[in-house]
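Here the structure is laid out as structure tokens; the discussion comes afterwards.
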Protein chains: 2
Amino acid sequence: MITASWSKSPIRDISPTECWELLTGESVGRVAFVDDAGPAVVPVNFTVEEQTVLIATSPYSNLAQHVLRGPVAFEVDGVDEFTESGWSVLARGHATQVPVSELNPTAERPEPWAEGTRTFYLRITPSEVTGRRLLPS
Amino acid sequence: MITASWSKSPIRDISPTECWELLTGESVGRVAFVDDAGPAVVPVNFTVEEQTVLIATSPYSNLAQHVLRGPVAFEVDGVDEFTESGWSVLARGHATQVPVSELNPTAERPEPWAEGTRTFYLRITPSEVTGRRLLPS
């Protein structure tokens, strides 16, 4: 358990350029999409390619079934429990399916850690990327 | 960077009981809600109280403005990049606002790390709690 801190952490916005640097430095993010029960969040491995986020999932997943139907969000964050600080980046936009034949042959592909056939490639093209940093107080 | 692993991590479902144990062990989670632009994800500090999730935010936040309008999701996860394994828990349901006077006086309250007046208490009551574990391969 973390005890209450004396002073609170100041909040600062993160520039779009630094948001992309933070996204590029991570290997696990979270996709939020909406299915019949409302918003859902799924952790995924991903790569960044020209200011888009590339993920691979199973064509039978709940994610694959619903992610193309409306807007999505992609979140990464980093937390330091000791100093009660951290950062988060949220990319909001739409996802499109990418046929394997249209994947950039020279670019790194997302390598899901999870077992299973993950041949359903998705590209999230954000229309907005924002980030916030909680500085150590 | 993580290099591609030889074998993939097997996936196992996490029982609801263990999902609550994992939730209780964390201090930072992520709320997903839907605003006019689609799903959004915001990291928050939280406490667990009788199989509900309690968070505190600013009454002026985008979260506070939209979280009561429809279903929400709450996600926690843990990732081990070295073994390419991890777990995640997703609680889906609805949020209600809790007047300060109705907070349990003897229970721990969420202590946001972030600065600002966070007097808008929300209780997320999940109708479904699921979790998955990627075992080290």
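Chain labels A, B, ... are given in the sequence in which chains occur in the structure tokens; within each chain residues are numbered consecutively from 1, and ligands are likewise numbered from 1 in the order shown.
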Would you please give, as a PyMOL selection string, all residues of stretch 4-132 of chain B that DSSP assigns to alpha helix (DSSP H) based on the backbone? chain B and resi 16-24+62-66
Tell me as a list in words which residues belonging to chain B come within 7 Å of chain A, counting only C-alpha atoms.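 Output check: Ala4, Lys8, Ser9, Pro10, Ile11, Ala32, Phe33, Val34, Gly38, Pro39, Ala40, Val41, Pro71, Val72, Ala73, Glu75, Glu84, Glu111, Trp113, Ala114, Glu115 and Leu134 of chain B.
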Grab the atom CA of B:Thr125 to atom CA of B:Gln65 distance for me, in Å with one decimal place. 18.2 Å
Just list the residues in chain A DSSP gives strand (DSSP E) on the backbone, as a ChimeraX atom specification. /A:11-14,28-35,38-49,52-57,72-80,85-98,120-134
Using only C-alpha atoms, determine which residues lie at most 8 Å from A:Val53, disregarding the query and same-chain residues fewer than 4 positions distant; provide the list as a short mmCIF file (atom, residue, chain, number, x, y, z; two decimals) with N, CA and C atoms, in the first residue's frame.
```cif
data_model
loop_
_atom_site.label_atom_id
_atom_site.label_comp_id
_atom_site.auth_asym_id
_atom_site.auth_seq_id
_atom_site.Cartn_x
_atom_site.Cartn_y
_atom_site.Cartn_z
N PHE A 46 2.21 -3.77 -29.65
CA PHE A 46 2.02 -2.88 -30.79
C PHE A 46 3.36 -2.36 -31.29
N THR A 47 3.31 -1.82 -32.49
CA THR A 47 4.44 -1.04 -33.00
C THR A 47 3.91 0.31 -33.49
N VAL A 48 4.80 1.25 -33.63
CA VAL A 48 4.45 2.57 -34.15
C VAL A 48 5.04 2.71 -35.54
N GLU A 49 4.21 3.16 -36.48
CA GLU A 49 4.68 3.32 -37.86
C GLU A 49 4.11 4.62 -38.40
N ARG A 123 -4.58 -1.00 -37.98
CA ARG A 123 -3.84 0.24 -37.88
C ARG A 123 -4.75 1.30 -37.28
N ILE A 124 -4.32 1.86 -36.16
CA ILE A 124 -5.07 2.95 -35.54
C ILE A 124 -4.43 4.26 -35.99
N THR A 125 -5.23 5.08 -36.65
CA THR A 125 -4.77 6.40 -37.11
C THR A 125 -5.40 7.45 -36.21
#
```
